[in-house]
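*Asks:* For reference, the file structure-v8.csv (CSV, C-alpha atoms) is included below:
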chain,number,residue,atom,x,y,z
A,20,MET,CA,-1.7,158.5,-12.4
A,21,ALA,CA,0.4,155.6,-11.2
A,22,LEU,CA,-1.4,152.3,-11.0
A,23,ILE,CA,0.9,150.7,-8.4
A,24,SER,CA,0.9,152.2,-4.9
A,25,ASN,CA,3.9,154.0,-3.4
A,26,ARG,CA,3.6,151.5,-0.5
A,27,LEU,CA,5.2,148.8,-2.7
A,28,SER,CA,8.2,150.9,-3.3
A,29,ARG,CA,9.1,150.6,0.4
A,30,PHE,CA,9.8,146.9,0.5
A,31,LYS,CA,11.6,144.2,-1.5
A,32,PRO,CA,10.4,140.7,-2.4
A,33,SER,CA,11.9,137.9,-0.4
A,34,LEU,CA,15.4,136.9,-1.5
A,35,THR,CA,14.8,133.5,0.1
A,36,VAL,CA,11.8,133.0,-2.2
A,37,LYS,CA,13.8,134.4,-5.2
A,38,ILE,CA,16.7,132.0,-4.8
A,39,THR,CA,14.3,129.1,-4.2
A,40,GLN,CA,12.3,130.0,-7.3
A,41,LYS,CA,15.4,130.3,-9.4
A,42,ALA,CA,16.5,126.8,-8.3
A,43,ARG,CA,13.1,125.4,-9.1
A,44,GLU,CA,13.2,126.9,-12.6
A,45,MET,CA,16.6,125.2,-13.1
A,46,ILE,CA,15.2,121.9,-11.9
A,47,LYS,CA,12.2,122.3,-14.2
A,48,ASN,CA,14.6,122.8,-17.1
A,49,GLY,CA,16.2,119.4,-16.3
A,50,GLU,CA,19.1,120.6,-14.2
A,51,LYS,CA,20.0,118.8,-11.0
A,52,VAL,CA,20.0,121.4,-8.2
A,53,ILE,CA,20.4,120.7,-4.5
A,54,SER,CA,18.3,123.4,-2.7
A,55,LEU,CA,19.5,124.4,0.7
A,56,SER,CA,17.6,127.7,0.7
A,57,SER,CA,14.2,126.9,2.1
A,58,GLY,CA,13.4,126.6,5.8
A,59,GLU,CA,11.2,123.6,5.4
A,60,PRO,CA,11.8,120.3,7.3
A,61,ASP,CA,12.2,117.4,4.9
A,62,PHE,CA,10.3,115.1,7.3
A,63,ASP,CA,6.7,114.3,6.4
A,64,THR,CA,3.9,115.5,8.6
A,65,PRO,CA,3.4,112.8,11.2
A,66,LYS,CA,0.9,110.2,10.2
A,67,HIS,CA,-1.4,110.6,13.2
A,68,ILE,CA,-1.8,114.3,12.3
A,69,LYS,CA,-2.6,113.6,8.7
A,70,ASP,CA,-5.1,110.9,9.7
A,71,TYR,CA,-6.9,113.3,12.0
A,72,ALA,CA,-7.2,115.8,9.2
A,73,LYS,CA,-8.7,113.1,7.0
A,74,LYS,CA,-11.2,112.3,9.7
A,75,ALA,CA,-12.1,116.0,9.9
A,76,ILE,CA,-12.9,116.0,6.2
A,77,ASP,CA,-14.9,112.8,6.5
A,78,ASP,CA,-16.8,114.4,9.4
A,79,GLY,CA,-17.7,117.3,7.2
A,80,PHE,CA,-15.6,120.0,9.0
A,81,THR,CA,-15.2,121.9,5.8
A,82,LYS,CA,-17.1,125.1,6.4
A,83,TYR,CA,-16.3,128.6,7.6
A,84,THR,CA,-15.1,128.8,11.2
A,85,GLN,CA,-14.6,131.6,13.7
A,86,VAL,CA,-12.5,134.3,12.1
A,87,ASP,CA,-9.4,134.0,14.3
A,88,GLY,CA,-9.6,130.3,15.1
A,89,ILE,CA,-11.9,127.6,16.5
A,90,ASP,CA,-12.3,127.4,20.2
A,91,GLU,CA,-10.9,123.9,20.3
A,92,LEU,CA,-7.7,125.0,18.8
A,93,LYS,CA,-7.4,128.1,21.0
A,94,LYS,CA,-7.9,125.8,24.0
A,95,ALA,CA,-5.2,123.5,22.8
A,96,ILE,CA,-2.8,126.5,22.4
A,97,SER,CA,-3.7,127.8,25.8
A,98,GLU,CA,-2.9,124.4,27.4
A,99,LYS,CA,0.3,124.2,25.4
A,100,PHE,CA,1.5,127.5,26.9
A,101,LYS,CA,0.7,126.3,30.4
A,102,LYS,CA,2.3,122.9,30.0
A,103,GLU,CA,5.4,123.8,27.9
A,104,ASN,CA,6.1,127.4,28.8
A,105,ASN,CA,4.5,128.0,32.3
A,106,LEU,CA,2.5,130.9,30.8
A,107,ASN,CA,-1.2,131.6,31.1
A,108,PHE,CA,-3.2,132.9,28.1
A,109,LYS,CA,-7.0,132.9,28.0
A,110,LYS,CA,-9.0,132.3,24.8
A,111,ASP,CA,-9.5,136.0,24.2
A,112,GLU,CA,-5.7,136.4,24.3
A,113,ILE,CA,-5.1,134.0,21.4
A,114,THR,CA,-5.4,134.5,17.7
A,115,VAL,CA,-4.9,131.9,14.9
A,116,GLY,CA,-3.8,133.0,11.4
A,117,VAL,CA,-2.6,131.6,8.1
A,118,GLY,CA,0.9,131.0,9.2
A,119,GLY,CA,3.2,132.9,11.6
A,120,LYS,CA,4.0,135.5,8.9
A,121,HIS,CA,0.3,136.3,8.6
A,122,VAL,CA,0.0,136.7,12.4
A,123,ILE,CA,3.0,139.1,12.4
A,124,TYR,CA,1.6,141.1,9.5
A,125,ASN,CA,-1.8,141.4,11.3
A,126,LEU,CA,0.0,142.5,14.5
A,127,PHE,CA,1.9,145.3,12.9
A,128,LEU,CA,-1.0,146.4,10.8
A,129,ALA,CA,-3.1,146.6,14.0
A,130,THR,CA,-0.5,148.4,16.1
A,131,LEU,CA,1.8,150.6,14.0
A,132,ASP,CA,1.1,154.2,13.0
A,133,GLU,CA,3.0,156.1,10.4
A,134,GLY,CA,6.7,156.4,11.3
A,135,GLU,CA,6.6,154.3,14.5
A,136,GLU,CA,9.7,152.3,15.0
A,137,VAL,CA,10.4,148.6,15.3
A,138,ILE,CA,13.9,147.5,16.5
A,139,ILE,CA,15.0,144.5,14.5
A,140,PRO,CA,18.3,142.8,15.4
A,141,SER,CA,20.5,141.9,12.4
A,142,PRO,CA,20.8,139.3,11.0
A,143,TYR,CA,17.0,138.9,10.9
A,144,TRP,CA,14.4,136.8,9.3
A,145,VAL,CA,13.9,138.3,5.8
A,146,SER,CA,10.3,139.3,6.2
A,147,TYR,CA,10.5,141.4,9.4
A,148,PRO,CA,11.6,144.8,8.0
A,149,GLU,CA,9.5,144.4,4.9
A,150,ILE,CA,6.3,143.7,6.9
A,151,VAL,CA,7.1,146.7,9.1
A,152,SER,CA,7.6,148.9,6.1
A,153,LEU,CA,4.4,147.7,4.5
A,154,CYS,CA,2.5,148.6,7.7
A,155,ASN,CA,3.9,152.1,7.5
A,156,GLY,CA,6.3,151.5,10.3
A,157,LYS,CA,10.1,152.2,10.3
A,158,PRO,CA,12.5,149.3,10.8
A,159,ILE,CA,15.5,150.2,13.0
A,160,ILE,CA,18.2,147.7,12.3
A,161,LEU,CA,20.3,146.8,15.4
A,162,GLU,CA,23.6,145.3,14.3
A,163,THR,CA,25.0,142.3,16.1
A,164,SER,CA,28.3,140.5,15.6
A,165,PHE,CA,29.7,136.9,15.2
A,166,ASN,CA,31.8,137.4,18.3
A,167,ASN,CA,28.7,138.2,20.4
A,168,GLU,CA,26.9,135.2,19.0
A,169,PHE,CA,24.7,137.5,16.9
A,170,LYS,CA,22.8,138.6,20.0
A,171,ILE,CA,21.9,142.2,21.1
A,172,ARG,CA,23.5,143.7,24.1
A,173,ALA,CA,21.4,145.6,26.7
A,174,ASP,CA,23.4,148.8,26.3
A,175,GLU,CA,23.1,148.8,22.5
A,176,LEU,CA,19.4,148.2,22.7
A,177,GLU,CA,18.9,151.1,25.1
A,178,SER,CA,20.9,153.5,22.8
A,179,ASN,CA,18.6,152.6,19.9
A,180,ILE,CA,15.3,153.3,21.7
A,181,SER,CA,13.6,156.6,20.8
A,182,GLN,CA,10.2,158.2,21.6
A,183,LYS,CA,8.9,156.6,18.4
A,184,THR,CA,10.0,153.0,19.3
A,185,LYS,CA,7.0,150.8,19.7
A,186,TRP,CA,8.3,147.2,19.2
A,187,LEU,CA,11.4,145.1,19.7
A,188,ILE,CA,11.6,141.8,17.9
A,189,ILE,CA,13.2,138.8,19.7
A,190,ASN,CA,13.6,135.7,17.6
A,191,SER,CA,15.1,132.9,19.6
A,192,PRO,CA,16.2,130.4,18.4
A,193,CYS,CA,17.0,132.7,15.5
A,194,ASN,CA,16.6,132.4,11.8
A,195,PRO,CA,19.2,132.6,10.2
A,196,THR,CA,21.9,132.1,12.8
A,197,GLY,CA,20.5,129.5,15.2
A,198,SER,CA,21.5,131.6,18.2
A,199,VAL,CA,19.5,131.2,21.4
A,200,TYR,CA,19.2,133.8,24.2
A,201,SER,CA,20.0,132.6,27.7
A,202,GLU,CA,18.0,133.4,30.8
A,203,ASN,CA,20.7,135.9,31.9
A,204,GLU,CA,20.7,137.6,28.5
A,205,LEU,CA,17.0,138.0,28.5
A,206,LYS,CA,17.1,139.3,32.0
A,207,LYS,CA,19.4,142.1,31.0
A,208,ILE,CA,17.2,142.9,28.0
A,209,SER,CA,14.1,143.0,30.2
A,210,GLU,CA,15.7,145.4,32.6
A,211,VAL,CA,16.1,147.9,29.7
A,212,ILE,CA,12.6,147.3,28.4
A,213,LEU,CA,11.2,148.0,31.9
A,214,LYS,CA,12.6,151.6,31.7
A,215,PHE,CA,10.5,152.3,28.6
A,216,PRO,CA,6.8,151.7,29.3
A,217,ASN,CA,5.8,152.3,25.6
A,218,LEU,CA,8.1,149.6,24.3
A,219,HIS,CA,6.5,146.3,23.4
A,220,ILE,CA,8.1,142.9,22.6
A,221,LEU,CA,7.4,140.6,19.7
A,222,SER,CA,8.7,137.2,20.7
A,223,ASP,CA,9.0,134.9,17.7
A,224,ASP,CA,9.2,131.4,19.1
A,225,ILE,CA,8.6,129.4,16.0
A,226,TYR,CA,11.8,127.3,16.6
A,227,GLU,CA,11.4,126.8,20.3
A,228,HIS,CA,11.5,123.0,20.2
A,229,ILE,CA,14.5,122.8,17.9
A,230,THR,CA,17.6,123.2,20.2
A,231,TYR,CA,20.7,121.2,20.7
A,232,GLY,CA,22.8,119.8,23.6
A,233,LYS,CA,22.2,121.5,26.9
A,234,CYS,CA,20.7,124.6,25.3
A,235,LYS,CA,17.1,125.2,26.4
A,236,PHE,CA,14.5,127.6,25.0
A,237,ILE,CA,13.2,130.2,27.4
A,238,ASN,CA,10.7,133.0,26.8
A,239,ILE,CA,11.3,136.5,28.1
A,240,LEU,CA,8.1,136.2,30.2
A,241,ASN,CA,9.6,133.4,32.1
A,242,VAL,CA,12.3,135.8,33.1
A,243,GLU,CA,10.2,138.9,33.6
A,244,PRO,CA,6.5,138.1,34.0
A,245,SER,CA,5.6,141.7,34.6
A,246,LEU,CA,6.1,142.3,30.8
A,247,LYS,CA,3.1,140.1,29.9
A,248,ASP,CA,0.8,143.1,28.9
A,249,ARG,CA,3.6,144.3,26.6
A,250,THR,CA,4.6,141.0,25.0
A,251,PHE,CA,3.1,139.3,21.9
A,252,ILE,CA,4.2,135.8,21.3
A,253,VAL,CA,4.1,134.3,17.7
A,254,ASN,CA,4.4,130.6,17.1
A,255,GLY,CA,3.0,127.9,14.8
A,256,VAL,CA,3.0,124.3,13.7
A,257,SER,CA,5.2,124.6,10.6
A,258,LYS,CA,8.6,123.8,11.9
A,259,VAL,CA,8.1,121.5,14.9
A,260,PHE,CA,5.4,119.3,13.2
A,261,SER,CA,6.7,119.7,9.6
A,262,MET,CA,3.4,121.3,8.6
A,263,THR,CA,4.6,124.2,6.5
A,264,GLY,CA,2.0,123.8,3.8
A,265,TRP,CA,-0.9,123.5,6.3
A,266,ARG,CA,-0.5,127.3,7.0
A,267,ILE,CA,-1.4,127.6,10.7
A,268,GLY,CA,0.3,130.1,13.0
A,269,TYR,CA,-0.9,131.6,16.2
A,270,GLY,CA,-0.2,134.6,18.5
A,271,ALA,CA,-0.8,135.3,22.1
A,272,GLY,CA,-1.0,138.7,23.7
A,273,ASP,CA,-3.2,141.6,25.0
A,274,SER,CA,-6.9,140.9,24.4
A,275,GLU,CA,-7.3,144.4,22.8
A,276,ILE,CA,-4.7,143.6,20.2
A,277,ILE,CA,-6.3,140.2,19.6
A,278,LYS,CA,-9.6,141.9,18.9
A,279,SER,CA,-8.0,144.3,16.5
A,280,ILE,CA,-6.3,141.5,14.7
A,281,ALA,CA,-9.6,139.7,14.4
A,282,LYS,CA,-11.1,142.8,12.8
A,283,ILE,CA,-8.4,142.9,10.2
A,284,GLN,CA,-8.6,139.2,9.5
A,285,SER,CA,-12.4,139.4,9.0
A,286,GLN,CA,-11.8,141.7,6.1
A,287,SER,CA,-8.8,139.9,4.6
A,288,THR,CA,-8.5,136.1,4.8
A,289,THR,CA,-11.4,135.4,7.1
A,290,ASN,CA,-10.7,132.2,9.0
A,291,PRO,CA,-7.7,129.9,8.5
A,292,CYS,CA,-8.4,126.6,6.7
A,293,SER,CA,-10.9,124.6,8.8
A,294,ILE,CA,-9.2,121.2,8.2
A,295,SER,CA,-5.7,122.6,9.0
A,296,GLN,CA,-7.1,124.0,12.3
A,297,MET,CA,-8.3,120.6,13.3
A,298,ALA,CA,-4.9,119.0,12.3
A,299,ALA,CA,-3.1,121.7,14.3
A,300,LYS,CA,-5.3,121.2,17.3
A,301,TYR,CA,-4.6,117.4,17.3
A,302,ALA,CA,-0.8,118.0,16.7
A,303,ILE,CA,-0.6,120.4,19.7
A,304,GLU,CA,-2.6,118.2,22.0
A,305,ASN,CA,-0.5,115.1,21.5
A,306,GLU,CA,3.0,114.1,22.5
A,307,LYS,CA,5.8,114.8,20.1
A,308,LYS,CA,7.3,111.4,20.1
A,309,PHE,CA,8.8,111.8,16.6
A,310,LEU,CA,10.8,114.9,17.6
A,311,LYS,CA,13.6,113.1,19.4
A,312,ASP,CA,14.6,111.4,16.2
A,313,TRP,CA,14.2,114.5,14.1
A,314,LEU,CA,16.5,116.5,16.5
A,315,LYS,CA,19.1,113.7,16.4
A,316,GLN,CA,19.1,113.9,12.6
A,317,PHE,CA,19.2,117.7,12.6
A,318,GLU,CA,22.2,117.6,14.9
A,319,GLU,CA,24.0,115.1,12.8
A,320,ARG,CA,23.6,117.2,9.8
A,321,LYS,CA,24.6,120.4,11.7
A,322,ASN,CA,27.8,118.8,12.9
A,323,PHE,CA,28.7,117.5,9.5
A,324,LEU,CA,28.3,121.0,7.9
A,325,VAL,CA,30.2,122.7,10.7
A,326,SER,CA,33.1,120.3,10.3
A,327,PHE,CA,33.1,120.7,6.5
A,328,PHE,CA,33.1,124.5,6.5
A,329,ASN,CA,35.7,124.7,9.2
A,330,SER,CA,37.9,122.6,7.1
A,331,VAL,CA,37.8,124.9,4.1
A,332,GLU,CA,39.9,128.1,4.0
A,333,GLY,CA,37.8,131.2,3.3
A,334,PHE,CA,34.8,130.0,5.3
A,335,GLU,CA,33.8,130.5,8.9
A,336,PRO,CA,30.6,128.9,10.1
A,337,PHE,CA,28.7,130.0,13.2
A,338,MET,CA,27.8,127.1,15.5
A,339,PRO,CA,24.0,127.2,16.0
A,340,ASP,CA,22.3,126.2,19.3
A,341,GLY,CA,18.9,126.0,17.7
A,342,ALA,CA,16.8,126.0,14.5
A,343,PHE,CA,18.1,124.2,11.4
A,344,TYR,CA,20.3,126.7,9.7
A,345,LEU,CA,24.0,127.3,9.4
A,346,TYR,CA,25.2,130.9,8.9
A,347,VAL,CA,28.6,130.9,7.1
A,348,CYS,CA,30.9,133.8,6.7
A,349,CYS,CA,32.4,133.8,3.2
A,350,LYS,CA,34.6,136.8,3.6
A,351,GLY,CA,37.6,134.8,2.3
A,352,PHE,CA,36.0,134.8,-1.2
A,353,ILE,CA,35.0,138.4,-1.5
A,354,SER,CA,37.0,140.3,-4.1
A,355,LYS,CA,38.5,137.1,-5.4
A,356,LYS,CA,38.4,136.1,-9.0
A,357,ASP,CA,37.9,132.6,-10.3
A,358,ILE,CA,40.1,131.0,-13.1
A,359,ASN,CA,37.8,132.6,-15.7
A,360,GLY,CA,38.2,136.1,-14.2
A,361,TYR,CA,34.8,136.2,-12.6
A,362,GLU,CA,35.0,138.4,-9.5
A,363,ILE,CA,33.0,137.8,-6.4
A,364,LYS,CA,32.0,141.3,-5.2
A,365,ASN,CA,29.6,140.3,-2.4
A,366,ASP,CA,27.7,137.5,-0.8
A,367,TYR,CA,24.9,137.6,-3.3
A,368,ASP,CA,27.5,137.1,-6.1
A,369,PHE,CA,28.8,134.1,-4.1
A,370,ALA,CA,25.4,132.6,-3.6
A,371,GLU,CA,24.6,133.0,-7.3
A,372,TYR,CA,28.0,131.5,-8.2
A,373,LEU,CA,27.3,128.4,-6.1
A,374,LEU,CA,23.8,128.0,-7.7
A,375,LEU,CA,25.1,128.4,-11.3
A,376,ASN,CA,28.4,126.4,-10.9
A,377,ALA,CA,27.9,124.0,-8.1
A,378,ARG,CA,24.2,123.6,-8.6
A,379,VAL,CA,23.6,124.3,-4.9
A,380,ALA,CA,21.1,126.9,-3.7
A,381,VAL,CA,21.8,128.9,-0.6
A,382,VAL,CA,20.6,132.3,0.6
A,383,PRO,CA,23.0,135.3,0.6
A,384,GLY,CA,23.5,137.1,3.9
A,385,VAL,CA,22.3,140.4,2.5
A,386,ALA,CA,18.8,139.0,2.6
A,387,PHE,CA,19.1,138.8,6.4
A,388,GLY,CA,20.8,142.2,6.7
A,389,LYS,CA,24.3,140.8,7.5
A,390,SER,CA,27.1,140.4,4.9
A,391,PRO,CA,29.3,138.7,3.9
A,392,TYR,CA,27.5,135.5,4.9
A,393,PHE,CA,25.2,132.9,3.4
A,394,ARG,CA,22.6,130.7,5.0
A,395,ILE,CA,22.3,127.0,4.5
A,396,SER,CA,19.2,125.1,5.6
A,397,TYR,CA,20.0,121.6,6.8
A,398,ALA,CA,16.4,120.6,6.9
A,399,THR,CA,17.2,118.2,4.1
A,400,SER,CA,18.9,114.7,4.0
A,401,LEU,CA,22.4,114.1,5.0
A,402,ASP,CA,23.1,112.6,1.6
A,403,ASP,CA,22.0,115.8,-0.1
A,404,LEU,CA,24.2,117.8,2.3
A,405,LYS,CA,27.2,115.6,1.5
A,406,ASN,CA,26.7,115.9,-2.2
A,407,ALA,CA,26.2,119.7,-1.9
A,408,CYS,CA,29.5,120.0,0.0
A,409,ASN,CA,31.3,117.9,-2.5
A,410,GLN,CA,30.0,120.2,-5.3
A,411,ILE,CA,30.9,123.3,-3.4
A,412,GLN,CA,34.4,121.9,-2.7
A,413,LYS,CA,34.9,121.4,-6.5
A,414,VAL,CA,33.9,124.9,-7.6
A,415,ILE,CA,35.8,126.8,-4.9
A,416,LYS,CA,39.0,125.3,-6.2
A,417,ASN,CA,38.4,127.7,-9.1
A,418,PHE,CA,39.5,130.5,-6.8
A,419,GLN,CA,42.8,128.8,-5.6
A,420,LYS,CA,46.0,130.0,-7.2
In structure tokens, write the structure found in this file.
*Replies:*
Amino acid sequence: MALISNRLSRFKPSLTVKITQKAREMIKNGEKVISLSSGEPDFDTPKHIKDYAKKAIDDGFTKYTQVDGIDELKKAISEKFKKENNLNFKKDEITVGVGGKHVIYNLFLATLDEGEEVIIPSPYWVSYPEIVSLCNGKPIILETSFNNEFKIRADELESNISQKTKWLIINSPCNPTGSVYSENELKKISEVILKFPNLHILSDDIYEHITYGKCKFINILNVEPSLKDRTFIVNGVSKVFSMTGWRIGYGAGDSEIIKSIAKIQSQSTTNPCSISQMAAKYAIENEKKFLKDWLKQFEERKNFLVSFFNSVEGFEPFMPDGAFYLYVCCKGFISKKDINGYEIKNDYDFAEYLLLNARVAVVPGVAFGKSPYFRISYATSLDDLKNACNQIQKVIKNFQK
């Protein structure tokens, strides 16, 4: 009798984590590696948030809380939706989990039956298809293209909907590409969704505040409010407040789904960390004065990287409108051999080549379901990015005749 369940055979461990871990091991062994693989802002959590968390500790707020979030945090989230998104969600329509990933897992565990389908545009955040598979659902990968800004088209969406389709995932701004859906694009998608009353939307808005230039975030419910009963929004404090390690994500949707998620959470993690909940409450309630400077630095980094990769033959970067990632096509290096005869067969080989030879960690496009690309996180200092590009520039000369 096998000890490990068949369930685990349906999904793969995160390649993002795998690359990051390999880089950490190299660093531990004394090697100097520049890691551009992790989606974690390099900025510290703002001081006023940390101070409030310390106060919560001093006040003795260190016990169990309500399973799916304290009332004070749910109220802050509700007010956030009203103020920032012009959306109304009551307390019983909000859940708080141990990060956005946890909320998504709870959602699909609560709503998917064996073989029910989830449409996932590719490239996608690495965990979407694996979470769906782990919850006995079936990921349906909907291909997008560089020329269409890595966005789904309404006609392609409709042709991929079946009687078993239960969810569509919309991630805007998108990880890994940084593409952002416009109001008109969301309108066309909503027109398709309205034709299929059993189709629901998971709107992953975790990067909503990280956009550039004139690009503005918009949720599909702002375009088509009638879809509220069929839309579940996931968000959190990790990216916009640089609170990745605090592990607080939240979701908003139908109250029956929220109840089901609470039932699951009561038998798994129980409540999210009490102190982190208080810190998240305070973060959400207060103005994000720090964000203007953060966005300015993100944009400076983005522009530097785009300029660099545009200048090197063999690369083609996609210009992101949001998030803090650059998705770079490396087609020009596939099937090429370096001066030692090492052949680059795919984007994973290329990412590994950069790690071992340039000491730069990036994530191969195959992790996101779209090759031949790699993702760079520019949530790190401009100096590190400049050094990384210099090191990349040196090793790719090994492929030049």
*Asks:* My list of candidates is A:Ile220, A:Ala75, A:Ile113, A:Val381. Which is closest to A:Val137 when distances are computed with only C-alpha atoms?
*Replies:*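 For A:Val137, the nearest of the candidates is A:Ile220.
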*Asks:* For A:Val151, which residue among A:Thr230, A:Arg29, A:Ala173, A:Ala298 is the nearest when counting only C-alpha atoms?
*Replies:*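 Looking only at the distances to A:Val151, the closest residue turns out to be A:Arg29.
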*Asks:* For A:Leu131, which residue among A:Thr263, A:Val242, A:Ser146, A:Ser279 is the nearest when counting all atoms listed in the file?
*Replies:*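 Going through A:Thr263, A:Val242, A:Ser146, A:Ser279 one by one, the smallest distance to A:Leu131 is for A:Ser279.
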*Asks:* When distances are computed from all atoms listed in the file, which of A:Ser330, A:Ser198, A:Thr114, A:Ser191 shows the smallest separation from A:Lys282?
*Replies:*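 Using all atoms listed in the file, A:Lys282 sits closest to A:Thr114.
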*Asks:* Quick one: residues within 9 Å of stretch 98-112 of chain A, all atoms listed in the file counted, chain neighbours fewer than 2 positions away excluded, as a ChimeraX atom specification?
*Replies:* /A:90,93-96,114,237-238,240-241,244,270-278,303-304
*Asks:* If we count all atoms listed in the file and set the cut-off at 10 Å, which residues sit around A:Lys69, ignoring sequence neighbours fewer than 3 positions away in its own chain? Please answer as JSON, numbers by chain.
*Replies:* {"A": [63, 64, 65, 66, 72, 73, 74, 75, 262, 295, 298, 299, 301, 302]}
*Asks:* Just checking: using only C-alpha atoms, which residue out of A:Ile395, A:Lys258, A:Phe62, A:Lys355 ends up closest to A:Trp313?
*Replies:*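 Looking only at the distances to A:Trp313, the closest residue turns out to be A:Phe62.
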*Asks:* Please, could N, CA and C atoms be added to stretch 78-95 of chain A and the result written as a compact mmCIF listing (two decimals), keeping the file's coordinate frame?
*Replies:*
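Output contents, as saved in part.txt:
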# COMPACT_ATOMS: atom_id res chain seq x y z
N ASP A 78 -15.78 113.92 8.48
CA ASP A 78 -16.80 114.40 9.40
C ASP A 78 -17.51 115.65 8.93
N GLY A 79 -17.07 116.16 7.79
CA GLY A 79 -17.70 117.30 7.20
C GLY A 79 -17.28 118.67 7.81
N PHE A 80 -16.07 118.71 8.41
CA PHE A 80 -15.60 120.00 9.00
C PHE A 80 -14.93 120.79 7.91
N THR A 81 -15.73 121.24 6.98
CA THR A 81 -15.20 121.90 5.80
C THR A 81 -15.84 123.25 5.50
N LYS A 82 -16.42 123.85 6.53
CA LYS A 82 -17.10 125.10 6.40
C LYS A 82 -16.32 126.26 7.03
N TYR A 83 -16.86 127.47 6.93
CA TYR A 83 -16.30 128.60 7.60
C TYR A 83 -16.20 128.31 9.13
N THR A 84 -15.19 128.90 9.77
CA THR A 84 -15.10 128.80 11.20
C THR A 84 -15.05 130.23 11.80
N GLN A 85 -14.85 130.33 13.12
CA GLN A 85 -14.60 131.60 13.70
C GLN A 85 -13.43 132.29 13.00
N VAL A 86 -13.50 133.61 12.87
CA VAL A 86 -12.50 134.30 12.10
C VAL A 86 -11.08 134.06 12.52
N ASP A 87 -10.82 134.14 13.80
CA ASP A 87 -9.40 134.00 14.30
C ASP A 87 -9.19 132.69 15.01
N GLY A 88 -9.85 131.64 14.59
CA GLY A 88 -9.60 130.30 15.10
C GLY A 88 -10.69 129.69 15.92
N ILE A 89 -10.83 128.38 15.76
CA ILE A 89 -11.90 127.60 16.50
C ILE A 89 -11.52 127.55 17.97
N ASP A 90 -12.55 127.46 18.80
CA ASP A 90 -12.30 127.40 20.20
C ASP A 90 -11.48 126.20 20.64
N GLU A 91 -11.69 125.07 19.96
CA GLU A 91 -10.90 123.90 20.30
C GLU A 91 -9.43 124.07 20.10
N LEU A 92 -9.06 124.76 19.02
CA LEU A 92 -7.70 125.00 18.80
C LEU A 92 -7.11 126.04 19.75
N LYS A 93 -7.88 127.06 20.05
CA LYS A 93 -7.40 128.10 21.00
C LYS A 93 -7.21 127.41 22.40
N LYS A 94 -8.10 126.49 22.75
CA LYS A 94 -7.90 125.80 24.00
C LYS A 94 -6.66 124.97 24.04
N ALA A 95 -6.38 124.28 22.93
CA ALA A 95 -5.20 123.50 22.80
C ALA A 95 -3.92 124.37 22.94
